[in-house]
Structure formats: structure tokens, C-alpha cells
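Inspection log for the structure reproduced underneath, given as C-alpha cells.
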Protein chains: 2
Amino acid sequence: MTVGHARGGSLLTALSDAGARVTEPRRAVAALIGAQDGHFTTAQLLTAARLEYPGLGRATIFRALDLFTSLGFVERMDLPGGGHAWVACETAHHHHAICTRCGRSTEVDDHGLADVLASVAGRSGFRVTTHRLEVFGTCASCLAATA
Amino acid sequence: MTVGHARGGSLLTALSDAGARVTEPRRAVAALIGAQDGHFTTAQLLTAARLEYPGLGRATIFRALDLFTSLGFVERMDLPGGGHAWVACETAHHHHAICTRCGRSTEVDDHGLADVLASVAGRSGFRVTTHRLEVFGTCASCLAATA
DNA sequence: GTCCATGTGAGACACAGTATCAACTAGAGA
DNA sequence: TCTCTAGTTGATACTGTGTCTCACATGGAC
Ligand SMILES: [Zn+2]
Ligand SMILES: [Zn+2]
Ligand SMILES: [Zn+2]
Ligand SMILES: [Zn+2]
């Protein structure tokens with residue numbers, strides 16, 4: 001499995017490139033993430049871990065998630081209810097369209113959003129440093145299944 | 001103080017309009033929210049409550065926050081770090097530009113964003129039901145203060 | 001004023017994430 | 001290959017945030 005392969009290297013090679021060790025627990029977390037379909041919550045990941053890698057520590061999973069996030073291979077997103085979920089990412093900066101029915105998420109690029117942000121900045125004198133956009137709805141295949 | 005006055009009525013009148021009781025604790029929470037400058041975290045609100053309204057229950061504050069949210073007078077937003085904050089809102093649907101220096105937030109309307117969402121839908125066959133945009137940066141007055 | 005659905009506070013609880021620390025190990029260098 | 005050490009790990013305890021329960025209180029309709 002390869003998380004973030006679009007960036008040209010596997011997560012594990014990226015780890016050593018970043019000076020971080022390629023350890024057995026990190027391999028396990030990477031495998032768990034790769035096995036997830038669409039976005040996943042920490043709870044789901046922890047459950048999967050308990051089954052497939054008993055002995056893998058809770059804290060280690062959170063630490064790996066943080067590390068992978070800082071490397072850009074995974075991204076945290078905010079669910080409408082207030083909880084958090086994660087997605088394995090392919091590209092540097094983007095947003096997610098999350099299907100509330102099947103849970104899969106599609107990446108959305110910034111096309112057009114930059115203009116929106118520019119107009120926010122222009123009108124108010126606000127200097128934008130970060131932004132976050134999340135889109136929720138129903139994906140094409142779930143729509144087809146319903147119809 | 002009036003929260004959400006742009007909608008034509010005070011929060012308290014809206015409560016009775018919605019069939020909810022106008023109680024002393026809810027008045028207190030409304031006053032606390034009105035006294036906040038910009039967005040605020042639950043922790044901040046709880047601290048303020050302990051000072052100004054000792055005896056006001058923790059759960060009651062969360063309940064009031066939920067109620068006010070469902071009435072659209074307050075909105076929960078996601079901070080970059082993963083925590084949550086709240087803002088008193090003036091208009092129905094909008095987004096926030098949050099100054100990471102002074103904490104104030106400005107409302108941002110959907111101008112242009114609708115097009116972005118439409119293009120997301122158009123290209124992928126995704127049907128958008130909800131979305132969330134949050135913009136972080138430095139506000140005009142904080143920029144001026146720094147310069 | 002009476003009455004009861006609605007709302008309240010205290011405290012127990014569930015859950016997510018963090019801090020600590022002794023033990024372990026990846027991987028660089030001899 | 002062997003050694004050594006900084007980086008990493010798992011157990012455990014802990015904090016913080018938000019929820020649940022339930023006996024008690026109260027808003028507001030009548
Ligand atoms: Zn779907
Ligand atoms: Zn973006
Ligand atoms: Zn500011
Ligand atoms: Zn919008």
C-alpha cells in the first residue's frame with residue numbers, strides 16, 4: 001500500500017527523507033490508514049488497530065497521525081457534528097467533498113476559491129494566511145444507487 | 001445587549017417565538033455571549049460564567065449554546081488546532097474570517113463561493129448539501145498595529 | 001393561584017487527546 | 001558485525017470537553 005503516492009514517494013520513504021525513523025509501529029499505522037476506505041475517525045483507526053495489531057499503543061497511533069499530518073500524507077478534517085476525521089491525501093493543498101452516505105471523500109482543488117479569498121481580503125483589509133473548506137453532500141454513485 | 005438583532009428580534013423574543021421558555025439561566029448565557037468580543041471558546045464562556053453567574057450550571061451553558069445554535073444566533077466554528085469556538089451571528093448563512101492575533105471575527109458572505117460549489121458539483125456529479133468555509137489570518141487593525 | 005411540561009443543577013460518566021517515563025530499537029558509525 | 005545513542009515506543013495516568021441522568025425547580029398557559 002502506498003499513501004500519498006502522487007507526491008512521488010511512499011510515505012515510508014518520505015519518513016526517512018524527513019529524518020524520521022521507519023519503525024514497525026509506523027509501518028502498521030500506515031498500513032491501517034491505507035486499508036481505510038475514504039475518511040476515517042480516530043475511533044475507527046483505533047478499533048482496526050486493536051484487531052490487526054494488538055500491542056500497538058494508543059499514543060503511538062496519535063503520534064503517527066500527527067507525524068503523517070506534518071508530512072502532508074494525511075489531513076484532519078472537521079465533521080459537521082463537531083468531531084474529527086482523517087483522510088489520506090494525494091496533493092499538497094486541497095479540500096474535501098465528503099459523501100455523508102457512504103463516507104468517501106473526493107479531493108477538491110482551489111479552483112475559484114482563491115478569488116473568493118482575494119475578495120475577502122480586498123474588501124476588509126484582512127490578510128488571509130490559512131483557510132479551510134469542507135463540502136458535504138451525496139456522491140454520484142450514491143445518488144445513482146438511490147435513484 | 002442583543003444577539004442576532006439583524007434578524008429583527010432579540011434572541012429572547014426569538015426563544016418564545018420558537019416555543020422555548022425564556023428562563024433566567026438562558027438570559028444569563030445570552031448576556032455572557034453578548035459580552036464576548038469576537039469569537040469565544042466554551043472554556044472562556046465557562047470561566048466568565050463562573051465569575052458572573054456562579055450557580056449557573058455547566059450543562060445548562062452547553063444546552064443553551066446548542067439551543068441558540070439551532071436558532072441561528074450563534075454558530076460553532078472549527079479552530080485550526082482542532083478545538084471549537086463560537087460566534088454570535090447576524091445573518092443566516094455566512095462564514096467567518098478569524099483574526100489569529102486578536103481573535104475577532106468578521107462575517108464573510110458567500111459571494112463567489114456558490115460558483116466554486118457549483119463547479120464541484122458539475123464536474124463530479126456530487127450533490128452538495130452543506131459546506132463550511134473558515135478563513136484565518138490577520139485583520140486590518142492588527143496589521144496596522146504591527147506596521 | 002394552580003399545574004405540568006419544560007428546563008435546571010449536581011454529579012457521574014464517556015470519550016478524545018496529551019504527558020510522563022522507563023524500556024526498547026533503528027540505523028549511523030566503528 | 002558490534003556498539004552506541006538519539007529517537008521511538010507502550011503503559012499508565014491525567015486533562016479537558018461535552019453528555020447523561022435524575023430529582024428538583026419554574027415559566028407561562030389557564
Ligand atoms: Zn457516496
Ligand atoms: Zn484551499
Ligand atoms: Zn485582529
Ligand atoms: Zn456558505
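Order determines the names: the first chain of the C-alpha cells is A, the second B, and so forth; residues in each chain are numbered 1 upward, and ligands are numbered 1 upward as they are shown.
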I want to know what sits within 8 Å of range 47-59 of chain A, based on only C-alpha atoms (C1' of nucleotides), with residues of the same chain fewer than 4 positions away left out; could you give that as a list of chain:residue names?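 That gives A:Pro25, A:Ala28, A:Val29, A:Leu32, A:Ala43, A:Arg63, D:DT9, D:DG10.
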Distance limit 8 Å, atoms considered: only C-alpha atoms (C1' of nucleotides). Which chain A residues sit that close to chain C? Return them as a PyMOL selection string. chain A and resi 21-23
Given only C-alpha atoms and all ligand atoms, how would the per-residue table for chain B near ligand 2 read, listing every residue at most 12 Å away with its closest atom pair and distance in Å to one decimal, sorted by chain and number, as JSON lines?
{"residue": "B:Leu113", "atom": "CA", "partner": "ligand 2", "partner_atom_place_in_ligand_line": "1 (Zn)", "distance": 12.0}
{"residue": "B:Val116", "atom": "CA", "partner": "ligand 2", "partner_atom_place_in_ligand_line": "1 (Zn)", "distance": 11.2}
{"residue": "B:Leu133", "atom": "CA", "partner": "ligand 2", "partner_atom_place_in_ligand_line": "1 (Zn)", "distance": 9.7}
{"residue": "B:Glu134", "atom": "CA", "partner": "ligand 2", "partner_atom_place_in_ligand_line": "1 (Zn)", "distance": 10.3}
{"residue": "B:Val135", "atom": "CA", "partner": "ligand 2", "partner_atom_place_in_ligand_line": "1 (Zn)", "distance": 9.9}
{"residue": "B:Phe136", "atom": "CA", "partner": "ligand 2", "partner_atom_place_in_ligand_line": "1 (Zn)", "distance": 11.8}
Print the selection's residues with N, CA, C and O atoms to a file, as a PDB file, in the first residue's frame.
ATOM      1  N   LEU B 113     -18.440  31.948  -3.691  1.00  0.00           N
ATOM      2  CA  LEU B 113     -18.296  30.578  -3.230  1.00  0.00           C
ATOM      3  C   LEU B 113     -19.323  29.653  -3.880  1.00  0.00           C
ATOM      4  O   LEU B 113     -19.024  28.494  -4.173  1.00  0.00           O
ATOM      5  N   VAL B 116     -17.945  28.176  -6.857  1.00  0.00           N
ATOM      6  CA  VAL B 116     -16.980  27.121  -6.562  1.00  0.00           C
ATOM      7  C   VAL B 116     -17.715  25.818  -6.296  1.00  0.00           C
ATOM      8  O   VAL B 116     -17.376  24.767  -6.848  1.00  0.00           O
ATOM      9  N   LEU B 133     -16.775  27.018   5.346  1.00  0.00           N
ATOM     10  CA  LEU B 133     -15.547  27.706   4.955  1.00  0.00           C
ATOM     11  C   LEU B 133     -15.077  28.508   6.141  1.00  0.00           C
ATOM     12  O   LEU B 133     -15.857  29.218   6.765  1.00  0.00           O
ATOM     13  N   GLU B 134     -13.809  28.367   6.457  1.00  0.00           N
ATOM     14  CA  GLU B 134     -13.247  29.196   7.508  1.00  0.00           C
ATOM     15  C   GLU B 134     -11.937  29.785   7.038  1.00  0.00           C
ATOM     16  O   GLU B 134     -11.124  29.117   6.430  1.00  0.00           O
ATOM     17  N   VAL B 135     -11.805  31.070   7.306  1.00  0.00           N
ATOM     18  CA  VAL B 135     -10.640  31.795   6.830  1.00  0.00           C
ATOM     19  C   VAL B 135      -9.896  32.339   8.041  1.00  0.00           C
ATOM     20  O   VAL B 135     -10.501  32.955   8.918  1.00  0.00           O
ATOM     21  N   PHE B 136      -8.600  32.098   8.093  1.00  0.00           N
ATOM     22  CA  PHE B 136      -7.792  32.569   9.208  1.00  0.00           C
ATOM     23  C   PHE B 136      -6.727  33.526   8.694  1.00  0.00           C
ATOM     24  O   PHE B 136      -6.216  33.363   7.593  1.00  0.00           O
TER      25      PHE B 136
END
Give the strand (DSSP E or B) residues of chain B, as DSSP finds them on the backbone, and put them as a short mmCIF file (atom, residue, chain, number, x, y, z; two decimals) with N, CA, C and O atoms, in the first residue's frame.
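Generated output (result13.cif):
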data_model
loop_
_atom_site.label_atom_id
_atom_site.label_comp_id
_atom_site.auth_asym_id
_atom_site.auth_seq_id
_atom_site.Cartn_x
_atom_site.Cartn_y
_atom_site.Cartn_z
N PHE B 40 -15.41 33.09 20.83
CA PHE B 40 -15.05 32.65 22.17
C PHE B 40 -15.14 31.14 22.25
O PHE B 40 -15.92 30.51 21.54
N VAL B 74 -26.08 31.81 17.09
CA VAL B 74 -24.71 31.53 17.45
C VAL B 74 -24.27 30.41 16.51
O VAL B 74 -25.09 29.65 16.02
N GLU B 75 -22.97 30.35 16.24
CA GLU B 75 -22.51 29.34 15.31
C GLU B 75 -21.21 28.74 15.81
O GLU B 75 -20.36 29.46 16.33
N ARG B 76 -21.08 27.45 15.66
CA ARG B 76 -19.83 26.84 16.09
C ARG B 76 -18.86 26.82 14.93
O ARG B 76 -19.22 26.55 13.79
N MET B 77 -17.61 27.11 15.22
CA MET B 77 -16.62 27.03 14.16
C MET B 77 -15.44 26.21 14.63
O MET B 77 -15.24 26.00 15.82
N ASP B 78 -14.68 25.72 13.68
CA ASP B 78 -13.56 24.85 14.00
C ASP B 78 -12.27 25.63 13.91
O ASP B 78 -11.96 26.24 12.89
N HIS B 84 -12.85 24.04 19.19
CA HIS B 84 -14.04 24.72 18.68
C HIS B 84 -14.18 26.09 19.30
O HIS B 84 -13.73 26.33 20.40
N ALA B 85 -14.83 26.96 18.58
CA ALA B 85 -15.15 28.28 19.11
C ALA B 85 -16.55 28.63 18.64
O ALA B 85 -17.12 27.93 17.81
N TRP B 86 -17.08 29.70 19.20
CA TRP B 86 -18.43 30.12 18.85
C TRP B 86 -18.43 31.59 18.50
O TRP B 86 -17.57 32.34 18.96
N VAL B 87 -19.36 31.99 17.69
CA VAL B 87 -19.55 33.40 17.37
C VAL B 87 -21.04 33.70 17.37
O VAL B 87 -21.84 32.89 16.92
N ALA B 88 -21.36 34.89 17.85
CA ALA B 88 -22.73 35.38 17.71
C ALA B 88 -22.89 35.81 16.27
O ALA B 88 -22.00 36.45 15.70
N HIS B 95 -19.88 32.88 6.52
CA HIS B 95 -18.67 32.24 7.01
C HIS B 95 -17.89 33.26 7.79
O HIS B 95 -18.28 34.43 7.86
N HIS B 96 -16.81 32.82 8.38
CA HIS B 96 -16.07 33.72 9.25
C HIS B 96 -14.62 33.86 8.84
O HIS B 96 -13.99 32.89 8.44
N ALA B 97 -14.14 35.08 8.96
CA ALA B 97 -12.72 35.34 8.80
C ALA B 97 -12.21 35.66 10.20
O ALA B 97 -12.63 36.64 10.80
N ILE B 98 -11.38 34.79 10.72
CA ILE B 98 -10.95 34.91 12.10
C ILE B 98 -9.53 35.46 12.17
O ILE B 98 -8.62 34.95 11.53
N CYS B 99 -9.36 36.51 12.96
CA CYS B 99 -8.02 37.07 13.16
C CYS B 99 -7.32 36.24 14.22
O CYS B 99 -7.79 36.14 15.35
N SER B 105 -13.73 38.14 14.78
CA SER B 105 -14.09 37.51 13.53
C SER B 105 -15.03 38.40 12.74
O SER B 105 -15.85 39.11 13.30
N THR B 106 -14.86 38.34 11.45
CA THR B 106 -15.67 39.13 10.55
C THR B 106 -16.55 38.16 9.76
O THR B 106 -16.10 37.06 9.47
N GLU B 107 -17.74 38.57 9.46
CA GLU B 107 -18.58 37.68 8.67
C GLU B 107 -18.25 37.84 7.20
O GLU B 107 -17.96 38.94 6.72
N VAL B 108 -18.27 36.74 6.50
CA VAL B 108 -17.95 36.72 5.08
C VAL B 108 -19.15 36.12 4.37
O VAL B 108 -19.62 35.06 4.75
N ARG B 127 -23.68 15.90 -5.21
CA ARG B 127 -24.74 16.84 -4.84
C ARG B 127 -24.41 17.45 -3.48
O ARG B 127 -24.39 16.75 -2.48
N VAL B 128 -24.18 18.74 -3.50
CA VAL B 128 -23.75 19.44 -2.28
C VAL B 128 -24.96 19.75 -1.40
O VAL B 128 -25.94 20.31 -1.86
N THR B 129 -24.87 19.38 -0.13
CA THR B 129 -25.95 19.75 0.79
C THR B 129 -25.50 20.77 1.83
O THR B 129 -26.26 21.62 2.24
N THR B 130 -24.29 20.66 2.28
CA THR B 130 -23.76 21.57 3.29
C THR B 130 -22.33 21.92 2.94
O THR B 130 -21.66 21.17 2.24
N HIS B 131 -21.87 23.03 3.45
CA HIS B 131 -20.47 23.33 3.27
C HIS B 131 -20.02 24.20 4.42
O HIS B 131 -20.82 24.77 5.15
N ARG B 132 -18.74 24.29 4.56
CA ARG B 132 -18.19 25.10 5.62
C ARG B 132 -16.90 25.72 5.13
O ARG B 132 -16.07 25.07 4.53
N LEU B 133 -16.77 27.02 5.35
CA LEU B 133 -15.55 27.71 4.95
C LEU B 133 -15.08 28.51 6.14
O LEU B 133 -15.86 29.22 6.77
N GLU B 134 -13.81 28.37 6.46
CA GLU B 134 -13.25 29.20 7.51
C GLU B 134 -11.94 29.78 7.04
O GLU B 134 -11.12 29.12 6.43
N VAL B 135 -11.81 31.07 7.31
CA VAL B 135 -10.64 31.80 6.83
C VAL B 135 -9.90 32.34 8.04
O VAL B 135 -10.50 32.96 8.92
N PHE B 136 -8.60 32.10 8.09
CA PHE B 136 -7.79 32.57 9.21
C PHE B 136 -6.73 33.53 8.69
O PHE B 136 -6.22 33.36 7.59
N GLY B 137 -6.41 34.51 9.49
CA GLY B 137 -5.40 35.47 9.06
C GLY B 137 -5.28 36.60 10.06
O GLY B 137 -5.53 36.41 11.24
N THR B 138 -4.90 37.76 9.58
CA THR B 138 -4.73 38.92 10.44
C THR B 138 -5.65 40.03 9.94
O THR B 138 -5.70 40.32 8.76
#
Using only C-alpha atoms (C1' of nucleotides) and a distance of at most 12 Å, pull out the residues of chain D that contact chain A, as an MDAnalysis selection string. chainID D and resid 6:12 17:18
List as a list in words the protein and nucleic acid residues lying within 7 Å of ligand 1, with only C-alpha atoms (C1' of nucleotides) and all ligand atoms counted. Cys99, Thr100, Arg101, Cys102, Gly103, Arg104, Thr138, Cys139, Ala140, Ser141 and Cys142 of chain A
Neighbouring residues of Asp115 in chain B were defined as those with any atom within 12 Å, considering only C-alpha atoms (C1' of nucleotides); residues of the same chain fewer than 6 positions away were excluded. Please report them as a compact mmCIF listing (two decimals) with N, CA and C atoms, in the first residue's frame.
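Dumped everything to around20.txt:
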# COMPACT_ATOMS: atom_id res chain seq x y z
N ASP A 110 -8.53 24.17 -5.54
CA ASP A 110 -8.85 25.54 -5.15
C ASP A 110 -9.48 26.36 -6.25
N HIS A 111 -9.75 25.74 -7.36
CA HIS A 111 -10.24 26.50 -8.50
C HIS A 111 -11.40 27.41 -8.12
N GLY A 112 -11.19 28.70 -8.22
CA GLY A 112 -12.24 29.65 -7.93
C GLY A 112 -12.22 30.14 -6.49
N LEU A 113 -11.75 29.30 -5.59
CA LEU A 113 -11.76 29.70 -4.19
C LEU A 113 -10.77 30.82 -3.93
N ALA A 114 -9.67 30.79 -4.64
CA ALA A 114 -8.66 31.84 -4.47
C ALA A 114 -9.28 33.21 -4.71
N ASP A 115 -10.17 33.30 -5.68
CA ASP A 115 -10.82 34.57 -5.97
C ASP A 115 -11.71 35.00 -4.80
N VAL A 116 -12.40 34.03 -4.22
CA VAL A 116 -13.26 34.33 -3.08
C VAL A 116 -12.41 34.91 -1.96
N ALA B 121 -19.85 20.37 -7.92
CA ALA B 121 -20.98 19.53 -8.26
C ALA B 121 -20.95 19.14 -9.72
N GLY B 122 -20.76 20.13 -10.57
CA GLY B 122 -20.80 19.88 -12.00
C GLY B 122 -19.80 18.85 -12.46
Nearest residue to chain A from the set B:Ser16, B:Ser119, B:Thr42, B:Thr69 (distances using only C-alpha atoms): B:Ser119
If you measure from CA of Gly34 in chain B to CA of Leu15 in chain B, what distance in Å do you get, rounded to one decimal?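 Taking CA of Gly34 in chain B and CA of Leu15 in chain B, their separation equals 15.7 Å.
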Apply DSSP to the backbone of this structure and, from range 95-147 of chain B, keep only the residues in alpha helix (DSSP H); write these as a PyMOL selection string. chain B and resi 113-124+140-146
For those residues, write all heavy atoms to a file as a CSV table (one decimal), in the first residue's frame.
chain,number,residue,atom,x,y,z
B,113,LEU,N,-18.4,31.9,-3.7
B,113,LEU,CA,-18.3,30.6,-3.2
B,113,LEU,C,-19.3,29.7,-3.9
B,113,LEU,O,-19.0,28.5,-4.2
B,113,LEU,CB,-18.4,30.5,-1.7
B,113,LEU,CG,-18.2,29.2,-1.1
B,113,LEU,CD1,-16.8,28.6,-1.4
B,113,LEU,CD2,-18.3,29.3,0.4
B,114,ALA,N,-20.5,30.2,-4.1
B,114,ALA,CA,-21.5,29.4,-4.7
B,114,ALA,C,-21.0,28.8,-6.1
B,114,ALA,O,-21.3,27.7,-6.4
B,114,ALA,CB,-22.8,30.2,-5.0
B,115,ASP,N,-20.3,29.6,-6.8
B,115,ASP,CA,-19.7,29.2,-8.1
B,115,ASP,C,-18.8,28.0,-7.9
B,115,ASP,O,-18.7,27.1,-8.6
B,115,ASP,CB,-19.0,30.3,-8.8
B,115,ASP,CG,-20.0,31.5,-9.1
B,115,ASP,OD1,-21.2,31.2,-9.2
B,115,ASP,OD2,-19.5,32.6,-9.3
B,116,VAL,N,-17.9,28.2,-6.9
B,116,VAL,CA,-17.0,27.1,-6.6
B,116,VAL,C,-17.7,25.8,-6.3
B,116,VAL,O,-17.4,24.8,-6.8
B,116,VAL,CB,-16.1,27.5,-5.3
B,116,VAL,CG1,-15.2,26.3,-5.0
B,116,VAL,CG2,-15.3,28.8,-5.6
B,117,LEU,N,-18.7,25.9,-5.5
B,117,LEU,CA,-19.5,24.7,-5.1
B,117,LEU,C,-20.2,24.1,-6.4
B,117,LEU,O,-20.2,22.9,-6.5
B,117,LEU,CB,-20.5,25.0,-4.0
B,117,LEU,CG,-19.9,25.5,-2.7
B,117,LEU,CD1,-21.0,25.9,-1.7
B,117,LEU,CD2,-19.0,24.4,-2.1
B,118,ALA,N,-20.7,25.0,-7.2
B,118,ALA,CA,-21.4,24.6,-8.4
B,118,ALA,C,-20.4,23.8,-9.3
B,118,ALA,O,-20.8,22.8,-9.9
B,118,ALA,CB,-22.0,25.7,-9.1
B,119,SER,N,-19.2,24.3,-9.3
B,119,SER,CA,-18.2,23.6,-10.2
B,119,SER,C,-17.8,22.3,-9.6
B,119,SER,O,-17.5,21.3,-10.3
B,119,SER,CB,-17.0,24.5,-10.5
B,119,SER,OG,-15.9,24.2,-9.7
B,120,VAL,N,-17.8,22.2,-8.3
B,120,VAL,CA,-17.5,20.9,-7.6
B,120,VAL,C,-18.6,19.9,-8.0
B,120,VAL,O,-18.3,18.8,-8.5
B,120,VAL,CB,-17.5,21.0,-6.1
B,120,VAL,CG1,-17.5,19.7,-5.4
B,120,VAL,CG2,-16.4,21.9,-5.6
B,121,ALA,N,-19.8,20.4,-7.9
B,121,ALA,CA,-21.0,19.5,-8.3
B,121,ALA,C,-20.9,19.1,-9.7
B,121,ALA,O,-21.1,18.0,-10.1
B,121,ALA,CB,-22.3,20.3,-7.9
B,122,GLY,N,-20.8,20.1,-10.6
B,122,GLY,CA,-20.8,19.9,-12.0
B,122,GLY,C,-19.8,18.8,-12.5
B,122,GLY,O,-20.2,17.9,-13.2
B,123,ARG,N,-18.6,19.0,-12.0
B,123,ARG,CA,-17.5,18.1,-12.5
B,123,ARG,C,-17.7,16.6,-12.0
B,123,ARG,O,-17.4,15.7,-12.7
B,123,ARG,CB,-16.2,18.6,-12.1
B,123,ARG,CG,-15.6,19.6,-13.2
B,123,ARG,CD,-14.3,20.1,-12.7
B,123,ARG,NE,-14.4,20.8,-11.4
B,123,ARG,CZ,-13.4,21.4,-10.8
B,123,ARG,NH1,-12.2,21.4,-11.3
B,123,ARG,NH2,-13.6,22.1,-9.7
B,124,SER,N,-18.1,16.5,-10.8
B,124,SER,CA,-18.1,15.1,-10.2
B,124,SER,C,-19.4,14.5,-10.0
B,124,SER,O,-19.5,13.3,-9.7
B,124,SER,CB,-17.4,15.2,-8.9
B,124,SER,OG,-18.0,16.2,-8.1
B,140,ALA,N,-7.4,43.9,9.6
B,140,ALA,CA,-6.8,45.2,9.2
B,140,ALA,C,-6.2,45.9,10.4
B,140,ALA,O,-5.1,46.5,10.3
B,140,ALA,CB,-7.9,46.0,8.5
B,141,SER,N,-6.9,46.0,11.5
B,141,SER,CA,-6.4,46.8,12.6
B,141,SER,C,-5.2,46.2,13.2
B,141,SER,O,-4.3,46.9,13.7
B,141,SER,CB,-7.5,47.1,13.6
B,141,SER,OG,-8.0,45.9,14.1
B,142,CYS,N,-5.1,44.8,13.3
B,142,CYS,CA,-3.9,44.2,13.8
B,142,CYS,C,-2.7,44.4,12.9
B,142,CYS,O,-1.6,44.6,13.3
B,142,CYS,CB,-4.2,42.7,14.0
B,142,CYS,SG,-5.1,42.4,15.5
B,143,LEU,N,-3.0,44.4,11.6
B,143,LEU,CA,-2.0,44.7,10.6
B,143,LEU,C,-1.4,46.1,10.8
B,143,LEU,O,-0.2,46.3,10.8
B,143,LEU,CB,-2.5,44.6,9.2
B,143,LEU,CG,-2.6,43.2,8.6
B,143,LEU,CD1,-3.3,43.2,7.3
B,143,LEU,CD2,-1.2,42.5,8.5
B,144,ALA,N,-2.4,47.1,11.0
B,144,ALA,CA,-2.0,48.5,11.2
B,144,ALA,C,-1.2,48.6,12.5
B,144,ALA,O,-0.2,49.3,12.5
B,144,ALA,CB,-3.2,49.3,11.3
B,145,ALA,N,-1.6,47.9,13.5
B,145,ALA,CA,-0.9,48.0,14.8
B,145,ALA,C,0.5,47.4,14.7
B,145,ALA,O,1.5,47.9,15.4
B,145,ALA,CB,-1.7,47.2,15.9
B,146,THR,N,0.7,46.4,13.9
B,146,THR,CA,2.0,45.8,13.7
B,146,THR,C,3.0,46.7,12.9
B,146,THR,O,4.2,46.8,13.2
B,146,THR,CB,1.9,44.5,13.0
B,146,THR,OG1,0.9,43.7,13.7
B,146,THR,CG2,3.2,43.7,13.0
